[in-house]
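Working notes, structure below.
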Amino acid sequence: MNAELLMRSCVNLNGSDIHVRVGRKPVIRVSGRLKDLNADVMTPELSAALVSEVLPSRLRAEFEERGSADFAISFGKEARFRCSAFREKAGQALVLRRIPSKILSFAEIGLPDHIKDLLTRQRGLILVTGPTGSGKTTTLATLINEINSTQDKHIVTIEDPIEYYHDHHLSIVTQREVGVDVPDFAEAMRRVLRQDPDVIMLGEMRDHETISTAITAAETGHLVFGTLHTTGSARTVDRIIDSFPKDQQEQIRTQLALSIVAVISQVLMPKKGGGVVAGFEIMINTPAIENYIRKSETFKISSDIQTGKKRGMILLDEHLLQLCREARIDADTALEYAQDRIEMRNRLGQGA
């Protein structure tokens, strides 16, 4: 077993992830389920050999010192994989997350077309949020591709690692990889404003310094995209504000209220009949939501989303219910991913 065979199997099975662990056959996740490959059980030597095969030489010292390393590799023109190599109790292990080589359309992702209107904004902050593996990177790639295809802008992406490659179309696209082109996200954000950007895409908003610079960039005439590992618009706003020291939170709350354009929160779920489907919550900033953020009343945001359908907003649970009624997901899946399970159970007619 080698890395090429593993990646070929993942592509052929339309899998999303490859797992290599000592004591088990290699495993591929297909439609959310784990599937053993017809291969030898991994020994410590075989697993270490696979890690050595894919680990870039520039990261070997980091892997030895820290016990893990993250990077991306290509499988010809068919796919790219985001990789995590790490040590665990039984030896060395590997997880490869498949990145489709084709950037998906709005329809393929399930994003409504009215989101395209937000991409014409000259300034502001658009956040794509959700748990790990929810498709945030894929959604961001689609949003950036839409701008690249329709507007003459300078787009700068800051990623760790670079996952989707963007060619120059109407826009110029500069892609910087953390650890390769720039030491860290904070340094990249400090430098980016000197590079004449119109659009900035942050692969991850990891600390308050990076978040603060992103908000400042959004305030000063740039359209900024970022991601957070949160589910739901209110939780996203709270997470940003809570990342700052107490004495800075009031100022950040005011800045965020003025600069935030939208929060697109998503989950990725098993689809009936196989495959996966995304569920979305979409919040678009309004004077009322701006006021809630400023006054630290984020618990009221959901009610504004609920009454904001004409503006293109939708709560995650509302979208899950819609997908269930369209028979794209089953009731158990809707309940599993719902924000309010009791209310979802009642709306699905399952009683309390």
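Each chain in the structure tokens gets a letter, A, B and so on, in the order shown; residues start at 1 in every chain, and ligands are counted from 1 in the order they appear.
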
May I have the residues within 12 Å of Met1 of chain A as a list in words, using only C-alpha atoms and disregarding those fewer than 4 positions away in the same chain?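 Contacts, in chain order: Leu5, Leu6, Met7, Arg8, Ser9, Val20, Lys25, Pro26, Leu37, Asn38, Ala39, Asp40, Val41, Met42, Thr43, Glu45, Leu46, Ser47, Ala49, Leu50 and Glu53 of chain A.
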
Would you export the selected residues with C-alpha atoms as a PDB file, in the first residue's frame, please?
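Generated file (result-v9.pdb):
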ATOM      1  CA  LEU A   5      -3.074   3.786  -4.231  1.00  0.00           C
ATOM      2  CA  LEU A   6      -4.812   5.284  -1.191  1.00  0.00           C
ATOM      3  CA  MET A   7      -5.656   8.507  -3.027  1.00  0.00           C
ATOM      4  CA  ARG A   8      -6.788   6.572  -6.121  1.00  0.00           C
ATOM      5  CA  SER A   9      -9.129   4.474  -3.964  1.00  0.00           C
ATOM      6  CA  VAL A  20      -4.228   5.463   8.322  1.00  0.00           C
ATOM      7  CA  LYS A  25      -6.604  -1.510   7.533  1.00  0.00           C
ATOM      8  CA  PRO A  26      -6.656   1.904   5.808  1.00  0.00           C
ATOM      9  CA  LEU A  37     -10.058  -0.973   2.229  1.00  0.00           C
ATOM     10  CA  ASN A  38      -9.079  -4.442   1.055  1.00  0.00           C
ATOM     11  CA  ALA A  39      -5.471  -4.033   2.184  1.00  0.00           C
ATOM     12  CA  ASP A  40      -3.027  -5.180   4.836  1.00  0.00           C
ATOM     13  CA  VAL A  41      -3.462  -4.096   8.434  1.00  0.00           C
ATOM     14  CA  MET A  42      -1.112  -1.174   9.099  1.00  0.00           C
ATOM     15  CA  THR A  43       2.013  -2.006  11.096  1.00  0.00           C
ATOM     16  CA  GLU A  45       6.610   0.395   9.910  1.00  0.00           C
ATOM     17  CA  LEU A  46       4.011   0.591   7.111  1.00  0.00           C
ATOM     18  CA  SER A  47       2.288   3.587   8.676  1.00  0.00           C
ATOM     19  CA  ALA A  49       6.553   4.719   5.598  1.00  0.00           C
ATOM     20  CA  LEU A  50       3.291   6.284   4.354  1.00  0.00           C
ATOM     21  CA  GLU A  53       6.174   9.318   1.624  1.00  0.00           C
TER      22      GLU A  53
END

With only C-alpha atoms as the counted atoms, please give the residues lying no more than 6 Å from segment 201-203 of chain A, apart from itself and same-chain residues fewer than 4 positions off, as a VMD selection string. chain A and resid 157 to 159 224 to 226

Tell me which protein, DNA and RNA residues are within 8 Å of Leu140 of chain A, counting only C-alpha atoms, leaving out same-chain ones fewer than 4 positions away, and put them as a ChimeraX atom specification. /A:128,136,144,225

Please, which residues of segment 68-244 of chain A, numbered as in this document, come out helix (DSSP H, G or I) from DSSP, as JSON, numbers by chain? {"A": [106, 107, 108, 109, 115, 116, 117, 118, 136, 137, 138, 139, 140, 141, 142, 143, 144, 145, 146, 147, 148, 149, 150, 185, 186, 187, 188, 189, 190, 191, 192, 208, 209, 210, 211, 212, 213, 214, 215, 216, 217, 218, 219, 233, 234, 235, 236, 237, 238, 239, 240, 241, 242]}

Name the residues of segment 174-293 of chain A that fall into strand (DSSP E or B) according to DSSP on the backbone, using the chain letters and numbers of this document, as a PyMOL selection string. chain A and resi 174-178+182+199-202+223-228+260-270+276-284

What would the file look like if the residues just selected were written as a PDB file, in the first residue's frame with C-alpha atoms?
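What landed in again-v1.pdb:
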ATOM      1  CA  THR A 174      -2.627  36.209  -4.873  1.00  0.00           C
ATOM      2  CA  GLN A 175      -2.533  33.077  -2.699  1.00  0.00           C
ATOM      3  CA  ARG A 176      -0.190  33.012   0.320  1.00  0.00           C
ATOM      4  CA  GLU A 177       0.410  29.847   2.318  1.00  0.00           C
ATOM      5  CA  VAL A 178       1.132  30.126   6.034  1.00  0.00           C
ATOM      6  CA  VAL A 182       4.505  33.907   5.366  1.00  0.00           C
ATOM      7  CA  VAL A 199     -10.769  41.332  -1.320  1.00  0.00           C
ATOM      8  CA  ILE A 200      -9.021  39.432   1.496  1.00  0.00           C
ATOM      9  CA  MET A 201      -9.799  35.817   2.332  1.00  0.00           C
ATOM     10  CA  LEU A 202      -8.555  34.470   5.669  1.00  0.00           C
ATOM     11  CA  LEU A 223     -14.238  43.023   1.541  1.00  0.00           C
ATOM     12  CA  VAL A 224     -12.932  40.426   4.010  1.00  0.00           C
ATOM     13  CA  PHE A 225     -13.900  36.745   4.209  1.00  0.00           C
ATOM     14  CA  GLY A 226     -13.064  34.621   7.239  1.00  0.00           C
ATOM     15  CA  THR A 227     -13.950  31.324   8.889  1.00  0.00           C
ATOM     16  CA  LEU A 228     -14.673  30.281  12.470  1.00  0.00           C
ATOM     17  CA  ILE A 260     -20.155  42.664   9.581  1.00  0.00           C
ATOM     18  CA  VAL A 261     -22.083  42.052   6.348  1.00  0.00           C
ATOM     19  CA  ALA A 262     -23.238  38.460   6.765  1.00  0.00           C
ATOM     20  CA  VAL A 263     -22.680  35.182   8.580  1.00  0.00           C
ATOM     21  CA  ILE A 264     -23.138  31.977   6.586  1.00  0.00           C
ATOM     22  CA  SER A 265     -23.204  29.088   9.056  1.00  0.00           C
ATOM     23  CA  GLN A 266     -23.271  25.552   7.692  1.00  0.00           C
ATOM     24  CA  VAL A 267     -23.314  21.857   8.529  1.00  0.00           C
ATOM     25  CA  LEU A 268     -22.677  18.910   6.214  1.00  0.00           C
ATOM     26  CA  MET A 269     -25.055  15.960   6.590  1.00  0.00           C
ATOM     27  CA  PRO A 270     -25.693  12.521   5.069  1.00  0.00           C
ATOM     28  CA  VAL A 276     -23.920  14.610   1.528  1.00  0.00           C
ATOM     29  CA  VAL A 277     -25.948  17.813   1.611  1.00  0.00           C
ATOM     30  CA  ALA A 278     -25.265  21.159   3.298  1.00  0.00           C
ATOM     31  CA  GLY A 279     -27.619  22.890   5.705  1.00  0.00           C
ATOM     32  CA  PHE A 280     -27.276  26.669   6.041  1.00  0.00           C
ATOM     33  CA  GLU A 281     -28.110  29.484   8.395  1.00  0.00           C
ATOM     34  CA  ILE A 282     -27.826  32.888   6.719  1.00  0.00           C
ATOM     35  CA  MET A 283     -27.703  36.131   8.669  1.00  0.00           C
ATOM     36  CA  ILE A 284     -27.502  39.429   6.804  1.00  0.00           C
TER      37      ILE A 284
END

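Residues with any atom within 12 Å of Ile147 of chain A, counting only C-alpha atoms and excluding same-chain neighbours fewer than 6 positions away, are Ile115, Lys116, Asp117, Leu118, Leu119, Thr120, Arg121, Gln122, Leu140, Ala141, Lys153, His154, Ile155, Val156, His166, His168, His169, Leu170, Ser171, Ile172, Val173, Asp198, Val199, Ile200, Met201, Leu223 and Phe225 of chain A.
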
Atoms kept (C-alpha atoms) for selection, written as a tab-separated table (two decimals), in the first residue's frame:
chain	number	residue	atom	x	y	z
A	115	ILE	CA	-25.67	35.64	-1.72
A	116	LYS	CA	-24.02	36.86	-4.95
A	117	ASP	CA	-25.37	40.34	-4.21
A	118	LEU	CA	-23.27	40.45	-1.03
A	119	LEU	CA	-20.12	39.82	-3.08
A	120	THR	CA	-20.45	43.19	-4.81
A	121	ARG	CA	-19.97	45.06	-1.52
A	122	GLN	CA	-16.90	47.30	-1.49
A	140	LEU	CA	-15.27	30.08	0.46
A	141	ALA	CA	-13.72	28.81	-2.78
A	153	LYS	CA	-10.45	42.99	-8.18
A	154	HIS	CA	-7.20	42.07	-6.47
A	155	ILE	CA	-8.01	39.07	-4.26
A	156	VAL	CA	-5.50	37.98	-1.61
A	166	HIS	CA	-7.55	29.94	-8.26
A	168	HIS	CA	-6.53	34.68	-12.71
A	169	HIS	CA	-9.78	35.53	-14.49
A	170	LEU	CA	-11.21	39.06	-14.37
A	171	SER	CA	-9.46	39.45	-11.02
A	172	ILE	CA	-5.85	39.03	-9.95
A	173	VAL	CA	-5.58	36.30	-7.30
A	198	ASP	CA	-9.74	44.71	-2.75
A	199	VAL	CA	-10.77	41.33	-1.32
A	200	ILE	CA	-9.02	39.43	1.50
A	201	MET	CA	-9.80	35.82	2.33
A	223	LEU	CA	-14.24	43.02	1.54
A	225	PHE	CA	-13.90	36.75	4.21

Which of these residues is nearest to Ala218 of chain A, using only C-alpha atoms: A:Ala188, A:Leu127, A:Val30, A:Met313? A:Leu127

For a test of reading the model, state the distance in Å between atom CA of Lys300 of chain A and atom CA of Lys246 of chain A, rounded to one decimal.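 Atom-to-atom, atom CA of Lys300 of chain A and atom CA of Lys246 of chain A are spaced 21.8 Å apart.
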
What's around Phe86 of chain A at 7 Å? Count only C-alpha atoms, leave out sequence neighbours fewer than 5 positions away in its own chain, and write the answer as an NGL selection string. :A and (67-69 or 92-94)

Output file for the residues above (C-alpha atoms, as a PDB file, in the first residue's frame):
ATOM      1  CA  GLY A  67       4.627  15.448  16.751  1.00  0.00           C
ATOM      2  CA  SER A  68       2.336  16.694  13.966  1.00  0.00           C
ATOM      3  CA  ALA A  69       2.322  18.617  10.704  1.00  0.00           C
ATOM      4  CA  GLN A  92       2.579   7.448  13.244  1.00  0.00           C
ATOM      5  CA  ALA A  93      -0.837   8.224  11.732  1.00  0.00           C
ATOM      6  CA  LEU A  94      -2.262  10.097   8.791  1.00  0.00           C
TER       7      LEU A  94
END

Could you pull the residues within 12 Å of Gln249 of chain A, counting only C-alpha atoms, minus those fewer than 2 positions along the same chain, as a PyMOL selection string? chain A and resi 208+212+237-247+251-257+293-296

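Nearest residue to Gly124 of chain A among A:Thr231, A:Ser16, A:Ser31, A:Thr216 is A:Thr216, counting only C-alpha atoms.
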